[in-house]
$ cat run-v2.txt   # compact mmCIF, C-alpha atoms
# COMPACT_ATOMS: atom_id res chain seq x y z
CA MET P 164 -46.15 10.72 28.09
CA ALA P 165 -47.61 11.54 24.67
CA ASN P 166 -47.72 8.81 22.07
CA ARG P 167 -45.97 9.04 18.75
CA VAL P 168 -47.48 8.35 15.35
CA TYR P 169 -45.86 4.93 14.92
CA GLN P 170 -47.22 3.82 18.31
CA VAL P 171 -50.85 4.45 17.32
CA TRP P 172 -50.45 3.55 13.64
CA LYS P 173 -53.61 1.90 12.30
CA GLY P 174 -51.89 -0.01 9.51
CA SER P 175 -50.34 -3.46 9.82
CA ASN P 176 -46.76 -2.23 9.55
CA LYS P 177 -43.96 -3.03 11.99
CA PHE P 178 -41.60 -0.35 13.27
CA ILE P 179 -38.14 -0.62 14.78
CA LEU P 180 -35.65 1.90 16.19
CA GLY P 181 -38.40 4.15 17.48
CA GLY P 182 -40.26 4.47 14.19
CA ARG P 183 -37.18 5.20 12.08
CA LEU P 184 -37.60 2.01 10.04
CA ILE P 185 -40.92 0.72 8.76
CA PHE P 186 -41.54 -2.82 7.49
CA GLY P 187 -44.53 -4.74 6.29
CA PRO P 188 -46.40 -7.25 8.46
CA ASP P 189 -44.55 -10.12 6.78
CA ALA P 190 -41.08 -8.76 7.52
CA ARG P 191 -39.93 -12.19 8.71
CA SER P 192 -39.71 -13.29 5.09
CA LEU P 193 -36.67 -11.04 4.86
CA LEU P 194 -34.72 -13.69 6.76
CA ILE P 195 -35.43 -16.21 4.00
CA THR P 196 -34.36 -13.71 1.34
CA LEU P 197 -31.14 -12.98 3.24
CA LEU P 198 -30.34 -16.68 3.47
CA LEU P 199 -31.03 -17.21 -0.22
CA ILE P 200 -28.49 -14.49 -1.05
CA THR P 201 -25.75 -14.88 1.54
CA VAL P 202 -25.48 -18.68 1.82
CA PRO P 203 -24.64 -19.28 -1.89
CA VAL P 204 -22.13 -16.41 -1.82
CA ILE P 205 -20.41 -17.83 1.26
CA ILE P 206 -20.16 -21.24 -0.44
CA PHE P 207 -18.80 -19.57 -3.56
CA CYS P 208 -16.12 -17.65 -1.64
CA ALA P 209 -15.09 -20.67 0.43
CA PHE P 210 -14.99 -23.40 -2.24
CA VAL P 211 -14.60 -21.62 -5.58
CA ALA P 212 -13.20 -18.08 -5.38
CA ARG P 213 -10.55 -19.12 -2.85
CA HIS P 214 -9.03 -21.55 -5.35
CA LEU P 215 -9.03 -18.97 -8.11
CA ARG P 216 -6.75 -16.52 -6.33
CA HIS P 217 -3.54 -17.81 -8.03
CA LYS P 218 -4.91 -19.14 -11.32
CA PHE P 219 -4.03 -16.09 -13.43
CA SER P 220 -0.78 -14.85 -14.93
CA SER P 221 -0.63 -12.13 -12.34
CA TYR P 222 -0.21 -14.07 -9.10
CA ASN P 223 -2.66 -12.08 -6.98
CA ALA P 224 -5.14 -11.17 -9.71
CA GLY P 225 -7.49 -13.87 -8.55
CA TYR P 226 -8.27 -11.85 -5.40
CA ALA P 227 -10.35 -9.55 -7.55
CA ILE P 228 -12.87 -12.36 -8.08
CA LEU P 229 -13.27 -12.80 -4.35
CA VAL P 230 -13.48 -9.07 -3.61
CA ALA P 231 -15.97 -8.48 -6.43
CA ALA P 232 -18.25 -11.21 -5.10
CA VAL P 233 -18.23 -9.74 -1.59
CA LEU P 234 -18.78 -6.13 -2.69
CA PHE P 235 -21.52 -7.06 -5.13
CA THR P 236 -23.31 -9.02 -2.40
CA ILE P 237 -23.13 -6.06 -0.03
CA TYR P 238 -24.56 -3.82 -2.76
CA VAL P 239 -27.51 -6.20 -3.27
CA LEU P 240 -28.20 -6.33 0.48
CA VAL P 241 -28.17 -2.52 0.72
CA LEU P 242 -30.74 -2.32 -2.08
CA LEU P 243 -32.84 -4.91 -0.29
CA PHE P 244 -32.69 -2.83 2.88
CA LEU P 245 -33.65 0.39 1.04
CA THR P 246 -36.61 -1.40 -0.53
CA SER P 247 -38.04 -3.04 2.56
CA ALA P 248 -37.22 -0.60 5.39
CA ARG P 249 -38.68 2.65 4.07
CA ASP P 250 -42.07 4.20 3.50
CA PRO P 251 -43.23 2.99 0.07
CA GLY P 252 -45.52 5.99 -0.38
CA ILE P 253 -48.24 5.56 2.24
CA ILE P 254 -50.98 8.18 2.07
CA PRO P 255 -52.00 9.35 5.58
CA ARG P 256 -55.50 8.43 6.64
CA SER P 257 -58.17 11.03 7.11
CA SER P 258 -59.96 11.30 10.44
CA HIS P 259 -63.31 12.05 8.79
CA PRO P 260 -64.87 11.76 5.31
CA PRO P 261 -64.51 14.74 2.96
CA GLU P 262 -67.45 16.99 3.79
CA ASP P 263 -67.48 18.75 0.45
CA GLU P 264 -68.42 15.46 -1.23
CA ILE P 265 -71.38 14.65 1.03
CA ARG P 266 -74.74 15.33 -0.59
CA PHE P 267 -78.40 14.50 0.01
CA GLU P 268 -80.45 12.57 -2.48
CA SER P 269 -83.30 14.51 -4.05
CA SER P 270 -85.79 11.77 -3.23
CA VAL P 271 -86.73 11.26 0.40
CA SER P 272 -87.07 8.05 2.33
CA VAL P 273 -90.10 7.30 4.52
CA ASP P 274 -89.46 6.21 8.09
CA ILE P 275 -91.63 3.89 10.20
CA GLY P 276 -93.49 6.73 11.86
CA GLY P 277 -94.61 8.19 8.55
CA ARG P 278 -92.11 11.05 8.70
CA GLN P 279 -89.92 11.60 5.67
CA THR P 280 -86.21 12.31 5.87
CA PRO P 281 -83.71 12.84 3.04
CA SER P 282 -81.29 9.94 2.50
CA LEU P 283 -77.57 10.73 2.80
CA GLN P 284 -75.58 9.79 -0.29
CA PHE P 285 -71.80 9.60 -0.73
CA PRO P 286 -70.27 9.26 -4.22
CA ARG P 287 -68.09 6.18 -4.49
CA THR P 288 -66.08 7.46 -7.45
CA LYS P 289 -65.21 10.75 -9.08
CA GLU P 290 -63.25 11.81 -12.12
CA VAL P 291 -60.02 13.78 -12.27
CA ILE P 292 -58.15 15.03 -15.32
CA VAL P 293 -54.72 13.51 -16.04
CA ASN P 294 -52.84 14.71 -19.14
CA GLY P 295 -56.10 16.04 -20.56
CA LEU P 296 -58.00 12.76 -20.14
CA PRO P 297 -60.53 11.85 -17.40
CA VAL P 298 -59.44 9.22 -14.90
CA ARG P 299 -61.85 7.70 -12.38
CA VAL P 300 -60.64 7.51 -8.78
CA LYS P 301 -62.32 5.54 -6.00
CA TYR P 302 -63.17 6.34 -2.42
CA CYS P 303 -61.43 4.25 0.26
CA ASP P 304 -63.71 3.41 3.19
CA THR P 305 -60.77 2.43 5.41
CA CYS P 306 -58.65 5.54 4.88
CA MET P 307 -61.70 7.83 4.32
CA LEU P 308 -60.24 9.58 1.29
CA TYR P 309 -60.36 9.56 -2.48
CA ARG P 310 -57.32 7.69 -3.73
CA PRO P 311 -55.08 9.64 -6.08
CA PRO P 312 -54.57 8.22 -9.57
CA ARG P 313 -52.52 4.97 -9.61
CA CYS P 314 -53.08 4.54 -5.88
CA SER P 315 -54.49 1.37 -4.36
CA HIS P 316 -55.21 0.01 -0.89
CA CYS P 317 -52.93 -2.88 0.09
CA SER P 318 -54.94 -5.50 1.95
CA ILE P 319 -51.78 -6.90 3.60
CA CYS P 320 -50.34 -3.65 4.95
CA ASN P 321 -53.82 -2.05 5.30
CA ASN P 322 -52.63 1.23 3.78
CA CYS P 323 -53.30 3.24 0.66
CA VAL P 324 -50.01 3.31 -1.28
CA GLU P 325 -49.28 5.90 -3.93
CA HIS P 326 -48.27 4.50 -7.33
CA PHE P 327 -48.97 1.02 -5.97
CA ASP P 328 -47.17 -1.72 -7.92
CA HIS P 329 -47.60 -4.84 -5.77
CA HIS P 330 -46.86 -6.27 -2.33
CA CYS P 331 -43.67 -8.31 -2.52
CA PRO P 332 -43.43 -11.10 0.08
CA TRP P 333 -39.70 -11.55 -0.60
CA VAL P 334 -38.90 -8.07 0.68
CA GLY P 335 -41.82 -7.94 3.14
CA GLN P 336 -43.03 -4.56 1.94
CA CYS P 337 -45.32 -2.84 -0.54
CA ILE P 338 -43.69 -1.59 -3.72
CA GLY P 339 -44.82 1.92 -4.50
CA LEU P 340 -43.74 5.40 -5.47
CA ARG P 341 -40.85 5.80 -3.03
CA ASN P 342 -39.18 2.37 -3.28
CA TYR P 343 -39.92 1.09 -6.79
CA ARG P 344 -36.55 2.32 -8.09
CA TYR P 345 -34.67 0.43 -5.37
CA PHE P 346 -36.81 -2.66 -5.90
CA PHE P 347 -35.95 -2.81 -9.60
CA MET P 348 -32.26 -2.24 -8.87
CA PHE P 349 -32.37 -5.01 -6.26
CA VAL P 350 -33.97 -7.49 -8.68
CA SER P 351 -31.65 -6.61 -11.57
CA SER P 352 -28.56 -6.69 -9.33
CA SER P 353 -29.58 -10.09 -8.00
CA THR P 354 -29.80 -11.25 -11.59
CA LEU P 355 -26.27 -10.02 -12.28
CA LEU P 356 -24.99 -11.66 -9.09
CA CYS P 357 -26.46 -15.00 -10.14
CA MET P 358 -24.84 -14.68 -13.54
CA TYR P 359 -21.48 -13.81 -11.95
CA VAL P 360 -21.50 -16.80 -9.57
CA PHE P 361 -22.64 -19.13 -12.36
CA ALA P 362 -19.88 -17.92 -14.72
CA MET P 363 -17.09 -18.14 -12.13
CA SER P 364 -18.18 -21.64 -11.06
CA ALA P 365 -18.18 -22.81 -14.68
CA PHE P 366 -14.78 -21.18 -15.15
CA TYR P 367 -13.39 -23.13 -12.21
CA ILE P 368 -14.70 -26.39 -13.69
CA LYS P 369 -12.86 -25.50 -16.93
CA ILE P 370 -9.64 -24.90 -15.00
CA LEU P 371 -9.94 -28.28 -13.30
CA MET P 372 -10.45 -29.99 -16.66
CA ASP P 373 -7.29 -28.37 -18.03
CA GLN P 374 -5.29 -29.05 -14.88
CA TYR P 375 -6.04 -32.75 -14.67
CA GLU P 376 -6.62 -33.23 -18.39
CA SER P 377 -9.85 -35.01 -17.60
CA THR P 378 -13.43 -34.95 -18.72
CA VAL P 379 -16.09 -32.64 -17.39
CA TRP P 380 -17.51 -35.36 -15.17
CA LYS P 381 -14.20 -35.87 -13.35
CA ALA P 382 -13.84 -32.12 -12.92
CA MET P 383 -17.32 -31.92 -11.45
CA LYS P 384 -16.39 -34.65 -8.97
CA GLU P 385 -13.37 -32.59 -7.93
CA SER P 386 -15.56 -29.57 -7.13
CA PRO P 387 -19.14 -30.56 -6.26
CA ALA P 388 -19.72 -27.08 -4.76
CA SER P 389 -19.33 -25.59 -8.24
CA VAL P 390 -21.98 -27.94 -9.57
CA ILE P 391 -24.39 -27.06 -6.80
CA LEU P 392 -23.85 -23.32 -7.31
CA MET P 393 -24.37 -23.61 -11.05
CA ALA P 394 -27.64 -25.49 -10.58
CA TYR P 395 -28.86 -23.01 -7.95
CA CYS P 396 -28.01 -19.97 -10.06
CA PHE P 397 -29.66 -21.51 -13.13
CA VAL P 398 -32.96 -21.93 -11.26
CA ALA P 399 -32.72 -18.48 -9.65
CA LEU P 400 -32.10 -16.85 -12.99
CA TRP P 401 -35.50 -17.98 -14.24
CA PHE P 402 -37.09 -16.12 -11.35
CA VAL P 403 -35.09 -12.90 -10.89
CA GLY P 404 -34.13 -12.73 -14.57
CA GLY P 405 -37.73 -13.09 -15.71
CA LEU P 406 -38.83 -10.53 -13.13
CA THR P 407 -36.18 -8.09 -14.38
CA GLY P 408 -37.35 -8.45 -17.97
CA PHE P 409 -41.00 -8.01 -17.00
CA HIS P 410 -40.30 -4.79 -15.07
CA LEU P 411 -38.21 -3.45 -17.93
CA TYR P 412 -41.34 -3.79 -20.07
CA LEU P 413 -43.48 -2.10 -17.40
CA ILE P 414 -41.06 0.82 -17.08
CA GLY P 415 -40.89 1.28 -20.84
CA THR P 416 -44.69 1.47 -21.09
CA ASN P 417 -45.16 3.32 -17.76
CA GLN P 418 -47.35 0.71 -16.17
CA THR P 419 -47.52 -0.90 -12.75
CA THR P 420 -47.87 -4.58 -12.05
CA TYR P 421 -51.33 -3.93 -10.61
CA GLU P 422 -52.47 -2.02 -13.70
CA ASN P 423 -51.03 -4.59 -16.08
CA PHE P 424 -52.84 -7.52 -14.51
CA ARG P 425 -56.12 -5.73 -13.82
CA TYR P 426 -56.63 -3.69 -16.99
CA ARG P 427 -54.93 -5.99 -19.48
CA ALA P 428 -58.19 -7.02 -21.15
CA ASP P 429 -59.78 -3.54 -21.14
CA ASN P 430 -57.65 -2.12 -23.98
CA ARG P 431 -57.86 1.29 -22.36
CA ILE P 432 -55.55 4.15 -23.24
CA ASN P 433 -52.59 4.55 -20.88
CA VAL P 434 -52.76 8.23 -19.99
CA PHE P 435 -49.48 8.02 -18.05
CA ASN P 436 -47.32 6.85 -20.97
CA ARG P 437 -44.87 9.61 -21.93
CA GLY P 438 -42.71 7.65 -24.31
CA CYS P 439 -40.09 4.99 -23.58
CA GLY P 440 -37.20 7.38 -22.93
CA ASN P 441 -39.17 9.73 -20.70
CA ASN P 442 -40.63 6.77 -18.81
CA PHE P 443 -37.14 5.52 -17.89
CA LEU P 444 -36.09 9.03 -16.92
CA GLU P 445 -39.14 9.32 -14.69
CA VAL P 446 -38.19 6.18 -12.76
CA PHE P 447 -34.42 6.56 -12.47
CA CYS P 448 -33.66 10.27 -12.82
CA THR P 449 -36.35 12.03 -10.79
CA GLU P 450 -35.96 12.92 -7.15
CA VAL P 451 -37.65 10.59 -4.70
CA LYS P 452 -40.50 12.44 -3.03
CA PRO P 453 -40.32 12.88 0.74
CA SER P 454 -42.59 10.77 2.90
CA ARG P 455 -46.00 12.16 3.74
CA ASN P 456 -45.77 10.63 7.22
CA ASN P 457 -43.65 11.63 10.17
CA PHE P 458 -43.79 8.43 12.19
CA ARG P 459 -41.81 9.92 15.08
CA ALA P 460 -44.03 12.97 15.48
CA VAL P 461 -46.05 13.40 18.65
CA VAL P 462 -49.74 12.65 18.19
CA GLN P 463 -51.82 15.81 18.51
CA GLU P 464 -55.24 15.42 20.06
CA GLU P 465 -57.79 16.38 17.47
CA VAL P 466 -60.18 19.11 18.53
CA PRO P 467 -63.81 17.99 18.12
CA ARG P 468 -65.09 19.53 14.95
CA PRO P 469 -68.62 20.94 14.81
CA GLN P 470 -70.87 18.82 12.69
CA VAL P 471 -71.66 20.82 9.60
CA LEU P 472 -74.29 19.34 7.35
CA PRO P 473 -74.62 20.42 3.74
CA GLN P 474 -77.60 22.46 2.66
CA LEU P 475 -80.69 20.34 2.19
CA PRO P 476 -82.79 20.47 -0.96
CA ARG P 477 -85.78 22.79 -0.72
CA ALA P 478 -88.29 19.93 -0.88
CA ALA P 479 -86.55 18.04 1.88
CA ALA P 480 -86.24 21.15 4.04
CA ASP P 481 -89.97 21.94 3.63
CA ASP P 482 -90.83 18.36 4.55
CA LEU P 483 -88.73 18.55 7.69
CA GLY P 484 -90.31 21.89 8.59
CA ALA P 485 -93.83 20.47 8.19
CA HIS P 486 -92.96 17.45 10.34
CA PRO P 487 -90.60 18.64 13.07
CA PRO P 488 -88.81 15.91 14.99
CA ARG P 489 -90.58 14.69 18.10
CA SER P 490 -88.87 14.02 21.36
CA LYS P 491 -88.99 10.68 23.11
CA VAL P 492 -91.03 12.11 26.02
CA GLU P 493 -93.81 13.21 23.67
CA ASP P 494 -93.90 9.79 22.05
CA ASP P 495 -94.16 8.13 25.49
CA LEU P 496 -97.06 10.38 26.50
CA ASP P 497 -98.91 9.57 23.28
CA ILE P 498 -98.46 5.87 23.93
CA GLY P 499 -99.82 6.31 27.47
CA GLU P 500 -102.94 8.10 26.21
CA ASP P 501 -103.58 5.31 23.73
CA LEU P 502 -103.38 2.77 26.53
CA LEU P 503 -105.88 4.79 28.58
CA LYS P 504 -108.36 4.88 25.72
CA ILE P 505 -108.08 1.13 25.29
CA SER P 506 -108.69 0.57 29.02
CA GLN P 507 -111.74 2.88 29.01
CA ARG P 508 -113.28 1.05 26.07
CA ARG P 509 -112.72 -2.28 27.77
CA ASN P 510 -114.42 -1.16 31.06
CA ILE P 511 -117.48 0.14 29.23
CA ASP P 512 -117.84 -3.11 27.27
CA GLU P 513 -117.71 -5.18 30.50
CA ILE P 514 -120.42 -3.04 32.16
CA SER P 515 -122.75 -3.24 29.14
CA GLU P 516 -122.35 -7.03 28.98
CA ASP P 517 -123.23 -7.27 32.69
CA ILE P 518 -126.42 -5.23 32.14
CA ARG P 519 -127.48 -7.36 29.20
CA GLY P 520 -126.92 -10.50 31.30
CA ARG P 521 -129.22 -9.28 34.08
CA GLY P 522 -131.91 -8.08 31.67
CA SER P 523 -132.12 -11.51 30.01
CA ASN P 524 -133.51 -13.03 33.26
CA GLY P 525 -136.90 -11.31 32.68
CA VAL P 526 -139.96 -12.68 30.81
CA SER P 527 -140.15 -10.10 28.03
CA LEU P 528 -137.20 -9.30 25.87
CA ASN P 529 -138.69 -6.04 24.53
CA ALA P 530 -136.23 -3.20 24.79
CA PRO P 531 -137.46 -0.47 27.20
CA GLU P 532 -137.62 3.16 26.32
CA THR P 533 -134.63 4.93 27.60
CA ASP P 534 -134.82 8.02 29.66
CA PRO P 535 -132.88 10.99 28.34
CA ALA P 536 -131.89 11.76 31.89
CA LEU P 537 -130.43 8.32 32.25
CA GLU P 538 -128.54 8.75 28.98
CA SER P 539 -127.06 11.93 30.23
CA ASP P 540 -126.02 10.19 33.45
CA HIS P 541 -124.37 7.31 31.59
CA GLN P 542 -120.85 8.71 31.29
CA PRO P 543 -117.76 6.63 30.68
CA PRO P 544 -115.58 6.12 33.69
CA THR P 545 -113.02 8.82 34.11
CA ILE P 546 -109.40 7.99 34.64
CA ARG P 547 -107.02 10.21 36.52
CA SER P 548 -103.28 10.27 36.12
CA ASP P 549 -101.52 11.55 39.22
CA ASN P 550 -98.02 11.52 37.76
CA ARG P 551 -97.15 11.58 34.07
CA HIS P 552 -93.69 10.38 33.29
CA SER P 553 -91.88 9.01 30.31
CA SER P 554 -90.98 5.35 29.99
CA TRP P 555 -87.48 6.07 31.28
CA GLY P 556 -88.46 6.69 34.87
CA ARG P 557 -92.11 5.64 35.19
CA ARG P 558 -93.01 4.85 38.76
CA SER P 559 -95.18 1.92 39.68
CA SER P 560 -98.89 2.66 40.23
CA SER P 561 -98.53 5.98 38.47
CA TRP P 562 -101.64 5.25 36.38
CA GLU P 563 -104.66 4.93 38.71
CA ILE P 564 -108.38 4.62 38.02
CA ALA P 565 -110.33 7.21 40.03
CA THR P 566 -112.86 6.08 42.59
CA GLU P 567 -115.49 8.22 40.86
CA ALA P 568 -115.35 5.77 37.98
CA PHE P 569 -116.53 2.89 40.19
CA ALA P 570 -119.25 5.04 41.78
CA ASN P 571 -120.48 6.27 38.42
CA SER P 572 -120.61 2.73 37.07
CA ASN P 573 -122.73 1.56 40.08
CA VAL P 574 -125.30 4.34 39.57
CA THR P 575 -125.62 3.51 35.90
CA GLU P 576 -126.08 -0.16 36.66
CA SER P 577 -128.86 0.41 39.30
CA ARG P 578 -130.83 2.78 37.06
CA SER P 579 -130.66 0.44 34.14
CA TYR P 580 -131.90 -2.46 36.32
CA ALA P 581 -134.88 -0.37 37.62
CA ALA P 582 -135.90 0.60 34.10
CA SER P 583 -135.90 -2.99 32.95
CA LYS P 584 -138.03 -4.04 35.97
CA GLU P 585 -140.67 -1.38 35.22
CA ALA P 586 -140.90 -2.56 31.66
CA LEU P 587 -141.56 -6.12 32.75
CA GLN P 588 -144.40 -5.00 35.03
$ encode --input "run-v2.txt" --output "structure tokens"
Amino acid sequence: MANRVYQVWKGSNKFILGGRLIFGPDARSLLITLLLITVPVIIFCAFVARHLRHKFSSYNAGYAILVAAVLFTIYVLVLLFLTSARDPGIIPRSSHPPEDEIRFESSVSVDIGGRQTPSLQFPRTKEVIVNGLPVRVKYCDTCMLYRPPRCSHCSICNNCVEHFDHHCPWVGQCIGLRNYRYFFMFVSSSTLLCMYVFAMSAFYIKILMDQYESTVWKAMKESPASVILMAYCFVALWFVGGLTGFHLYLIGTNQTTYENFRYRADNRINVFNRGCGNNFLEVFCTEVKPSRNNFRAVVQEEVPRPQVLPQLPRAAADDLGAHPPRSKVEDDLDIGEDLLKISQRRNIDEISEDIRGRGSNGVSLNAPETDPALESDHQPPTIRSDNRHSSWGRRSSSWEIATEAFANSNVTESRSYAASKEALQ
């Protein structure tokens, strides 16, 4: 059975329902976020909103407080689901580097054997034009592609995400082009929910004070759940409220969290800023782009592509033509010939030392006149190779010294000894 894309996905994402939902690798943090939202609302409905049902002039008007709390909580959870369970804008990986960007350096590098080969170079960055201004984009070694403008590689999800903002651990997903709108709506709605629970809890404390004509402390003792909810919402407001204000600033200036923190000190011109009004329209009123990935598609086996190298510089091509590549068998044969020459030189040196040792036993040390005939007979021992093989499959005893070499060396030794004896006489 053929695999589907989500089954062989190289990123760190987690898929459920057969690849229909995609989460980040830290999707378990969603459980903590769910508890932080639902538990306070349940306490509010059970200990605060329930007592407010009949506290208004219209007898059943208080049910609206309870219903509003439940519906608003469901709305926040739906936004959380839309943020964390969808593709944030992942750019599909390439199976090979872009061939049109590969080039050879003009200078050549020298190998160990003395041969020169051109060094392969790959540009790490290149410039693209955005709104009439150049923007530098980087090459991603993991995804083997040039990242589009405002794209970054998330080290947690191990994916290149378009319009990357940040990786949010509270939603367990990257925030990018396709889910930033839902992320902002989730954060701002959570802020409003905290304000609603805080206001209704304080309102219930006020009702208890009027009912019992007591101080605020006695009213707080009557409803400790209201006090706990007010304290919890006050702390949460500093987090979600501050985050809402920060992203309102980012939307108005058309920045991402990543760009704001990384390029804050560069004072560079923001080429993406289209004005405050247009920036808000771009985030909230444009259609969400479809995903570039079909995680349920069947994986197609890639046909091996022929390796096409770019045209070499003329100097490098001439150098390669002057020094064609050598096969391993030729190199092995050259090494064998070198070994033979070394062995021949060693045998000749041993024979000459033996002759000098015998000649030193005489009385006179005068060097005899050499016979040209003897010089012609003094040939180096010949070596015969029966089988010449490369180092891959060389058989034992394949290099043998011919018997003529031993015979030739004996004749040379006897003639040299006779000449030295005649000289002594």
$ atom_distance --input "run-v2.txt" --atom1 "CA of Lys384 in chain P" --atom2 "CA of Phe397 in chain P"
19.1 Å
$ closest_atom_pairs --input "run-v2.txt" --of "range 365-457 of chain P" --to "range 311-330 of chain P" --cutoff "9 Å" --atoms "all atoms listed in the file" --output "tab-separated table"
residue	atom	partner	partner_atom	distance
P:Gln418	CA	P:Asp328	CA	8.6
P:Thr419	CA	P:Asp328	CA	4.9
P:Thr420	CA	P:Asp328	CA	5.1
P:Tyr421	CA	P:Asp328	CA	5.4
P:Glu422	CA	P:Asp328	CA	7.8
$ atom_distance --input "run-v2.txt" --atom1 "CA of Asn457 in chain P" --atom2 "CA of Val171 in chain P"
12.4 Å
$ residues_around --input "run-v2.txt" --residues "range 212-225 of chain P" --least-positions-apart "3" --cutoff "9 Å" --atoms "all atoms listed in the file" --output "number ranges by chain"
P: 207-209, 228-229, 232, 363-364, 367, 370
$ closest_residue --input "run-v2.txt" --among "P:Val379, P:Leu356, P:Pro261, P:Leu198" --to "Gly404 in chain P" --atoms "only C-alpha atoms"
P:Leu356
$ residues_near_point --input "run-v2.txt" --point "(-38.7, 8.9, 1.0)" --cutoff "10 Å" --atoms "only C-alpha atoms" --output "PyMOL selection string"
chain P and resi 245+249-252+340-342+450-456
$ atom_distance --input "run-v2.txt" --atom1 "CA of Val350 in chain P" --atom2 "CA of Tyr169 in chain P"
29.2 Å
